[in-house]
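Heads up: the structure comes next, in structure tokens.
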Amino acid sequence: MENFYTDNPNLRFHLTHPLMEKIVKLKESDYTEKEKYDFAPLDFEDALDNYDKVMEIIGEISGEIIAPNAESVDKEGPQLVDNEVIYARGTRQNYDALVKAGLVGFTLPRQYDGLNLPIVPYVMSGELVSRADAGFSNIWGLQDCAETIHEFASDEIKNEFLPRFHKGATAAMDLTEPDAGSDLQAVQLKATYDNRKHCWRLDGVKRFITNGDADISLVLARSEEGTTDARGLSLFVYDRNDKAVKVRRIENKLGIKGSPTCELVFTNAPAKLVGDTKMGLIKYVMSLMNSARLGVGSQSVGIAEAAYREAYKYAMEREQFGKAIIKYPAVYEMLTNMRVKIDAMRSLLYETARYVDLYKAYNFASKERKLEAEERQEAKVYQKLADLYTPLLKLYSSEGCNQIAYDAIQIFGGTGYMKDFPIERIYRDARITTIYEGTSQLQVVAAIRGVGNGAFLAVMNERANLPVKPELEYLRTILIKMTEQFAKIVEKVNEAADTEYYDFHSRRLVEMAGNVVIGYLLLYDANRSDVYVKSADIFIRKGRAENVAAVSFINNCHPKDVNDFKI
Amino acid sequence: MRFRIIVLAKQVPDTRNVGKDAMKADGTVNRAALPAIFNPEDLHALEQALSIKDKNPEAEVILLTMGPARAAEIIREALYRGADRGYLISDRKFAGSDTLATSYALSLAVKKLAPYHLVISGRQAIDGDTAQVGPQTAEKLGIPQITYCEEIISVDAKKIIVKRRLERGVEVVNSTLPAAITVHSSAPVCRQRIAKLLMKYKHARTVTELQNETKDYTELYNNRPYLLIDEWTAADLDAQDGMLGLSGSPTKVKKIENVVFQHKNSKMIGNTDKEIEGLMKELMNSHIIG
């Protein structure tokens with residue numbers, strides 16, 4: 001029996017992080033639901049045990065059903081028949097297993113038939129499913145939409161749509177259009193209010209919509225006639241039962257081929273407004289995008305784990321020049337770097353998820369009761385941390401999984417280039433992660449706002465003050481120096497007072513900050529368990545060298561030199 | 001009357017992943033070295049029962065198992081998948097039971113659960129591979145039996161139609177109820193555990209197990225009586241001592257032989273259609289393929 005949860009102890013390590021106690025207590029309103037629901041946890045220990053057991057189910061479905069289906073799903077892909085997207089046979093089987101195991105509606109409250117699980121185990125489910133089949137994880141992960149409806153829609157909409165998720169409803173978020181990709185402010189799809197039928201009507205085209213033929217779709221549309229920017233956009237929920245959307249085609253993609261990417265035409269499609277008009281992009285989609293970025297983080301870690309395992313297994317078995325290739329420095333260095341990078345990505349993933357859990361739990365709690373001043377303060381801090389870490393996570397993990405998939409093929413050599421092993425699919429699947437839900441370049445734009453100021457340094461200095469075991473002190477000393485070095489170089493780039501120069505170096509600065517942030521995370525992982533000492537040591541020493549190189553480049557690349565790069 | 005299905009299941013050592021310490025020097029199974037699992041074909045049997053319940057939510061699925069205290073694990077596994085309740089029959093007097101003594105004890109328990117409509121079990125267990133317990137139990141209950149079931153085609157309060165998987169084909173038979181069915185591994189695999197049921201039933205315990213619990217959940221068991229798994233002893237079944245355990249088991253193991261497969265001689269097959277056809281025929285005749 002393959003179980004992707006129990007065969008990977010790193011997951012339990014993150015699931016049992018000390019911060020979980022606070023998260024679960026908030027999420028479970030101090031364990032008061034046990035009177036009302038026979039499956040609600042009795043206390044913290046019981047809740048954590050629930051998460052562990054739910055992960056075991058998902059680990060088993062991932063290992064026993066989703067992973068064995070991945071190859072045929074990749075070959076078969078979805079089809080468009082009579083304006084209906086028909087999933088590949090394996091995709092149907094996968095989703096069916098997850099629905100039957102009662103796992104859809106993962107984070108939704110029990111009153112909507114959900115499981116009321118926090119974001120941390122939800123993100124972990126995404127990692128497990130992605131390791132089995134990255135394309136399928138999109139279909140699984142789009143239940144993020146339920147969370148958005150829950151957070152922002154009226155009770156009427158919540159009561160109508162949310163209980164459908166547990167029964168297996170699928171979801172889509174319809175944002176992108178032919179002329180509005182990274183720049184969502186340019187969305188054109190029109191929403192008009194139908195006074196006769198008392199509903200909104202949607203007209204226009206959406207493109208590159210993952211799972212576009214879903215049961216429930218969130219659609220970004222222009223409700224304010226005559227506007228051209230984000231302030232004219234609102235968010236709507238569309239029910240597939242209304243049959244007012246034509247699926248024009250399914251795209252033929254490089255990877256994640258099981259996940260149907262659709263072009264949609266809305267014609268007088270009835271829809272309901274989520275929350276308030278004009279807040280569509282500014283508030284709701286921003287929140288949805290943050291969840292989606294966390295989702296890509298989990299997808300990236302899952303892909304990386306799959307790639308590493310394939311490469312490791314092959315390197316152990318493959319013999320050349322009389323011994324297994326894993327014995328050669330060129331190969332074992334690659335594998336160890338992969339391992340370290342995965343530990344780093346995973347640590348950043350779950351830290352970010354914990355922050356999201358905390359501020360969301362406080363937000364929901366504030367609807368039930370008045371928060372204490374201290375709690376309000378904490379909620380703000382965690383929201384800021386989540387905003388800071390999310391783009392770093394999306395950038396670092398997606399780039400990381402591509403590097404890992406690339407190196408994995410390298411370890412396979414010519415064999416890896418053939419269609420004979422899953423690694424070629426994993427490599428193709430990895431490629432999208434740096435592109436969708438905001439490209440790496442846009443993550444840099446989002447991240448530089450967070451790391452390029454004093455608040456970031458304050459957070460890092462706080463990290464530096466947490467105690468570590470004496471044998472890990474040397475790593476903390478390195479990180480303190482790296483933080484100082486980072487502060488200095490940011491100041492220097494700022495001094496030039498040249499926006500283009502700042503933009504030009506911003507990726508380097510964000511990556512430097514990433515090395516510090518992740519360095520601290522791995523340091524505290526190592527402090528909690530010896531298993532991570534090696535990864536912390538290698539990561540921090542490599543990070544130090546990378547940051548030195550970046551500083552050297554920036555110091556020798558002045559505002560006038562930027563012109564050399566212009567085309 | 002609710003349609004009552006009793007699933008007979010056994011906890012077995014996982015003989016599918018046998019390591020080198022799986023057998024003891026005396027030739028008996030080293031149970032400590034092998035993880036205890038839900039007998040695979042019994043899971044297929046459970047799936048058959050649960051799918052009847054899917055179509056007829058009024059139906060009731062009861063898991064019945066005989067074994068030591070820890071066999072309650074498979075009752076929980078059944079509850080996680082949708083069974084309504086379970087009974088563990090456990091007593092030192094059952095130790096050493098062969099299929100005759102086992103089916104005697106099981107049949108007494110099934111009678112205690114009357115009126116019932118169906119008794120469903122796996123065809124055989126992976127530790128003994130006898131395929132006798134299901135049929136013997138049916139015989140003792142005096143009800144019809146249908147073995148090697150691959151699919152229950154239809155079932156109502158009075159009648160069942162079953163497709164049987166036989167060596168050289170399939171056979172469709174029907175029977176009146178109550179009846180006993182044994183399920184073949186070609187039937188659909190069992191569904192996964194269901195998250196909410198798992199959270200609901202994970203604290204389900206027998207009284208024996210509760211005595212060993214470190215955490216005190218007394219209040220919980222008072223408020224949620226469904227978390228107590230019923231445990232029956234030989235006395236609860238009014239069983240006759242002479243028919244239980246070793247004394248009720250005529251089977252005697254005469255000798256156990258460790259067989260090591262080795263190739264002794266080899267045969268060259270030429271690269272011609274004729275020779276390959278000959279090989280294929282030989283393999284088909286010896287049922288290695290086909």
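Lettering and numbering for the structure tokens are positional, with chains as A, B, ... in the shown order, residues counted from 1 in each chain, and ligands counted from 1 in the shown order.
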
Counting only C-alpha atoms, chain A residues within 7 Å of chain B, as a ChimeraX atom specification | /A:38-39,50,54,57,100-103

Please, could you write that set of residues out with C-alpha atoms as a PDB file, in the first residue's frame?
```pdb
ATOM      1  CA  ASP A  38     -20.296  14.060  16.579  1.00  0.00           C
ATOM      2  CA  PHE A  39     -17.135  14.460  14.509  1.00  0.00           C
ATOM      3  CA  ASN A  50      -8.006  14.070  13.262  1.00  0.00           C
ATOM      4  CA  VAL A  54      -7.337  12.725   7.374  1.00  0.00           C
ATOM      5  CA  ILE A  57      -6.654   9.028   3.890  1.00  0.00           C
ATOM      6  CA  LYS A 100     -16.623   9.696  -1.507  1.00  0.00           C
ATOM      7  CA  ALA A 101     -14.076   9.970   1.279  1.00  0.00           C
ATOM      8  CA  GLY A 102     -15.916  13.165   2.228  1.00  0.00           C
ATOM      9  CA  LEU A 103     -12.916  15.425   1.717  1.00  0.00           C
TER      10      LEU A 103
END
```

All residues 8 Å or closer to Val12 of chain B, only C-alpha atoms, same chain fewer than 4 positions away omitted, as an MDAnalysis selection string | chainID B and resid 36:39 125:127

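Separating atom CA of Cys557 of chain A from atom CA of Asn494 of chain A is a distance of 13.7 Å.
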
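Considering the residues A:Ile61, A:Phe364, A:Leu358, A:Lys394 and counting only C-alpha atoms, Gln377 of chain A has its shortest atom-to-atom contact with A:Leu358.
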
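DSSP, applied to the backbone of this structure, assigns alpha helix (DSSP H) to the following residues of segment 11-45 of chain B: B:Pro40, B:Glu41, B:Asp42, B:Leu43, B:His44, B:Ala45.
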
Give me a file of those residues, with C-alpha atoms, as a PDB file, in the first residue's frame.
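Once written, result00.pdb looks like this:
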```pdb
ATOM      1  CA  PRO B  40      -8.268  -8.216   1.718  1.00  0.00           C
ATOM      2  CA  GLU B  41     -11.188 -10.258   0.406  1.00  0.00           C
ATOM      3  CA  ASP B  42     -13.208  -9.384   3.503  1.00  0.00           C
ATOM      4  CA  LEU B  43     -12.776  -5.759   2.468  1.00  0.00           C
ATOM      5  CA  HIS B  44     -14.280  -6.668  -0.897  1.00  0.00           C
ATOM      6  CA  ALA B  45     -17.119  -8.275   1.062  1.00  0.00           C
TER       7      ALA B  45
END
```

Could you please write out, as a VMD selection string, every residue of segment 303-512 of chain A that DSSP assigns to strand (DSSP E or B)?
-> chain A and resid 319 to 320 323 to 324

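Residues surrounding Ile152 of chain B within 10 Å are Gln48, Ala49, Ser51, Ile52, Ile160, Ile161, Val162, Lys163, Arg164, Val172, Val173, Asn174, Ile181, Val183 and Ala187 of chain B [only C-alpha atoms; sequence separation below 4 positions excluded].
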
Write the residues of the selection above to a file with C-alpha atoms, as a tab-separated table (two decimals), in the first residue's frame.
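The resulting file, selection-v4.tsv, is shown below:
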```
chain	number	residue	atom	x	y	z
B	48	GLN	CA	-20.56	-5.32	-1.39
B	49	ALA	CA	-22.49	-4.76	1.82
B	51	SER	CA	-22.98	-0.68	-1.82
B	52	ILE	CA	-26.28	-2.36	-0.95
B	160	ILE	CA	-30.68	-12.06	-4.47
B	161	ILE	CA	-29.05	-12.46	-7.89
B	162	VAL	CA	-25.30	-12.93	-7.91
B	163	LYS	CA	-22.63	-13.21	-10.56
B	164	ARG	CA	-20.01	-15.80	-9.62
B	172	VAL	CA	-25.35	-15.99	-12.62
B	173	VAL	CA	-27.39	-17.59	-9.84
B	174	ASN	CA	-30.22	-16.52	-7.62
B	181	ILE	CA	-22.27	-14.96	0.08
B	183	VAL	CA	-16.83	-12.54	-2.26
B	187	ALA	CA	-15.24	-7.77	-7.05
```

Just give me the gap between atom CA of Gln11 of chain B and atom CA of Gly67 of chain B in Å, one decimal is fine.
->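 These two atoms are separated by 7.4 Å.
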
Any idea what's packed within 10 Å of Ile269 of chain B, counting only C-alpha atoms, ignoring anything in its chain fewer than 6 positions away? Could you give it as a PyMOL selection string?
-> chain B and resi 275-276+278-279

Given the selection you just returned, output its residues as a file containing C-alpha atoms, formatted as a short mmCIF file (atom, residue, chain, number, x, y, z; two decimals), in the first residue's frame.
```cif
data_model
loop_
_atom_site.label_atom_id
_atom_site.label_comp_id
_atom_site.auth_asym_id
_atom_site.auth_seq_id
_atom_site.Cartn_x
_atom_site.Cartn_y
_atom_site.Cartn_z
CA GLU B 275 8.33 -23.06 -30.99
CA ILE B 276 6.83 -19.94 -29.43
CA GLY B 278 4.39 -24.50 -28.35
CA LEU B 279 5.59 -22.55 -25.33
#
```

Which residues, written as a PyMOL selection string, have at least one atom at most 7 Å from segment 477-490 of chain A, with only C-alpha atoms counted and residues fewer than 2 positions away on the same chain left out?
-> chain A and resi 452+464+473-475+492-494+512+516+519+544+551

Separation of atom CA of Gln240 of chain B and atom CA of Ala101 of chain B, in Å?
-> 10.5 Å

Got a sec: who's within 8 Å of Leu175 of chain A, counting only C-alpha atoms, leaving out chain neighbours fewer than 2 positions off, as number ranges by chain?
-> A: 173, 177, 184, 187, 206, 209, 219-220

Preceding selection exported with N, CA and C atoms as a tab-separated table (two decimals), in the first residue's frame:
```
chain	number	residue	atom	x	y	z
A	173	MET	N	-12.13	29.64	-11.04
A	173	MET	CA	-12.09	31.08	-10.89
A	173	MET	C	-11.78	31.69	-12.25
A	177	GLU	N	-8.55	37.10	-19.26
A	177	GLU	CA	-9.19	37.30	-20.57
A	177	GLU	C	-8.09	37.47	-21.61
A	184	LEU	N	-4.90	42.35	-14.59
A	184	LEU	CA	-6.33	42.04	-14.44
A	184	LEU	C	-7.21	43.29	-14.41
A	187	VAL	N	-9.76	43.78	-17.28
A	187	VAL	CA	-10.87	42.85	-17.55
A	187	VAL	C	-12.06	43.57	-18.19
A	206	LYS	N	-13.75	34.67	-21.48
A	206	LYS	CA	-12.66	34.40	-20.54
A	206	LYS	C	-11.73	33.38	-21.19
A	209	ILE	N	-8.99	29.40	-18.58
A	209	ILE	CA	-9.68	29.15	-17.32
A	209	ILE	C	-9.56	27.68	-16.92
A	219	VAL	N	-16.54	34.69	-11.10
A	219	VAL	CA	-16.22	35.40	-12.34
A	219	VAL	C	-15.95	36.87	-12.03
A	220	LEU	N	-14.81	37.34	-12.50
A	220	LEU	CA	-14.48	38.76	-12.35
A	220	LEU	C	-15.03	39.51	-13.56
```

Find the spatial neighbours of Thr99 of chain B, counting only C-alpha atoms, within a cut-off of 8 Å - ignore same-chain residues fewer than 5 positions away - and output them as a PyMOL selection string.
-> chain B and resi 132-133+136+249

Export of the given selection (C-alpha atoms) as a PDB file, in the first residue's frame:
```pdb
ATOM      1  CA  GLN B 132     -13.998 -22.897   4.303  1.00  0.00           C
ATOM      2  CA  VAL B 133     -15.284 -20.554   6.999  1.00  0.00           C
ATOM      3  CA  GLN B 136     -19.244 -23.848   6.917  1.00  0.00           C
ATOM      4  CA  SER B 249     -10.761 -28.364  15.950  1.00  0.00           C
TER       5      SER B 249
END
```

Go through A:Lys313, A:Arg131, A:Lys253, A:Lys22 and flag the residue nearest Phe412 of chain A, using only C-alpha atoms for the distances.
->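 Of the candidates, the smallest distance to Phe412 of chain A is held by A:Lys313.
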